[in-house]
Amino acid sequence: MEVLLLEKEAVENLLPQKFPFVMVDSMISYSETSLVSGFNIKSDNIFFNNNTFLEAGLIEHMAQSVALHTGYQFFLRNETAPTGYIGSIKEIEIKKLPELNDTIQSEVTILQEFAGITLVNIVTKLNNEEIANGQMKTVLAK
């Protein structure tokens, strides 16, 4: 089931991170096992340097895309989402760094979910070109 786009304010309400540490500003699609998020690169971003969005920002964007999927799941059940943590990052490959005013999109695919631990695959694209990918394991705080 596709869900309509969520704008910046709605997305921020579903994330534990707050400005200036928010690296996701839209939800393009959602299903039980996947999500597509978006993020527009601005010059006031803490990971923006020399006209480039840095590797750390890309990885944080990927992680927050996973957090958005979890947050939206809890929102749909009328529950408050617990804080989540990155348990591990596996084989992140960054092929290209976005620049000022670029809008990146990340597709999160849930590979496994058990007892608050989620294994995901993430592919980040810029203008339909893959610029980063990897796997993360996230853990919900008890």
# chains A, B, ... in the order shown; residues from 1 in each chain; ligands from 1
$ residues_around --residues "Gln112 of chain A" --least-positions-apart "2" --cutoff "12 Å" --atoms "only C-alpha atoms" --output "list in words"
Glu32, Thr33, Ser34, Val108, Thr109, Ile110, Phe114, Ala115, Gly116, Ile117, Thr118, Leu119, Val120, Asn121, Gln135, Met136, Lys137 and Thr138 of chain A
$ write_last_selection --atoms "C-alpha atoms" --output "PDB file, in the first residue's frame"
ATOM      1  CA  GLU A  32       5.377  -2.745   5.712  1.00  0.00           C
ATOM      2  CA  THR A  33       8.708  -3.804   4.220  1.00  0.00           C
ATOM      3  CA  SER A  34      10.010  -0.674   2.488  1.00  0.00           C
ATOM      4  CA  VAL A 108      15.001   1.188   2.604  1.00  0.00           C
ATOM      5  CA  THR A 109      14.150  -2.504   2.251  1.00  0.00           C
ATOM      6  CA  ILE A 110      13.534  -4.497   5.423  1.00  0.00           C
ATOM      7  CA  PHE A 114      12.975  -9.693  15.076  1.00  0.00           C
ATOM      8  CA  ALA A 115      12.703  -8.609  18.737  1.00  0.00           C
ATOM      9  CA  GLY A 116      13.329  -4.923  18.029  1.00  0.00           C
ATOM     10  CA  ILE A 117      16.312  -5.618  15.776  1.00  0.00           C
ATOM     11  CA  THR A 118      15.903  -4.708  12.104  1.00  0.00           C
ATOM     12  CA  LEU A 119      18.271  -5.577   9.258  1.00  0.00           C
ATOM     13  CA  VAL A 120      17.849  -3.318   6.228  1.00  0.00           C
ATOM     14  CA  ASN A 121      19.306  -2.737   2.808  1.00  0.00           C
ATOM     15  CA  GLN A 135      23.216  -2.551   5.044  1.00  0.00           C
ATOM     16  CA  MET A 136      22.447  -1.479   8.592  1.00  0.00           C
ATOM     17  CA  LYS A 137      21.161  -3.210  11.657  1.00  0.00           C
ATOM     18  CA  THR A 138      19.114  -1.023  13.975  1.00  0.00           C
TER      19      THR A 138
END
$ select_by_dssp --residues "segment 37-72 of chain A" --states "helix (DSSP H, G or I)" --output "PyMOL selection string"
chain A and resi 55-72
$ closest_atom_pairs --of "segment 22-73 of chain A" --to "segment 89-107 of chain A" --cutoff "8 Å" --atoms "only C-alpha atoms" --output "CSV"
residue,atom,partner,partner_atom,distance
A:Ser34,CA,A:Glu107,CA,7.0
A:Leu35,CA,A:Glu107,CA,5.7
A:Val36,CA,A:Glu107,CA,4.4
A:Ser37,CA,A:Ser106,CA,5.3
A:Gly38,CA,A:Gln105,CA,4.4
A:Phe39,CA,A:Ile104,CA,5.3
A:Asn40,CA,A:Thr103,CA,4.2
A:Ile41,CA,A:Asn101,CA,4.9
A:Lys42,CA,A:Leu100,CA,5.8
A:Ser43,CA,A:Leu100,CA,6.4
A:Asn51,CA,A:Glu99,CA,5.6
A:Thr52,CA,A:Glu99,CA,4.5
A:Phe53,CA,A:Pro98,CA,5.5
A:Leu54,CA,A:Leu97,CA,6.7
A:Glu55,CA,A:Leu97,CA,7.1
A:Met62,CA,A:Ser106,CA,6.7
A:Ser65,CA,A:Ser106,CA,7.0
$ closest_atom_pairs --of "segment 35-138 of chain A" --to "segment 12-16 of chain A" --cutoff "7 Å" --atoms "only C-alpha atoms" --output "JSON lines"
{"residue": "A:Ala67", "atom": "CA", "partner": "A:Leu15", "partner_atom": "CA", "distance": 6.5}
{"residue": "A:Leu68", "atom": "CA", "partner": "A:Leu15", "partner_atom": "CA", "distance": 6.0}
{"residue": "A:Gly71", "atom": "CA", "partner": "A:Leu14", "partner_atom": "CA", "distance": 5.1}
{"residue": "A:Tyr72", "atom": "CA", "partner": "A:Leu14", "partner_atom": "CA", "distance": 6.4}
{"residue": "A:Thr83", "atom": "CA", "partner": "A:Pro16", "partner_atom": "CA", "distance": 6.6}
$ select_by_dssp --residues "chain A" --states "strand (DSSP E or B)" --output "PyMOL selection string"
chain A and resi 6+26-31+34-40+48-49+52-53+84-94+99+103-114+117-126+129-140
$ atom_distance --atom1 "atom CA of Glu7 of chain A" --atom2 "atom CA of Phe21 of chain A"
16.8 Å
$ closest_residue --among "A:Leu111, A:Gln64, A:Asp44, A:Glu129" --to "Asp25 of chain A" --atoms "only C-alpha atoms"
A:Gln64
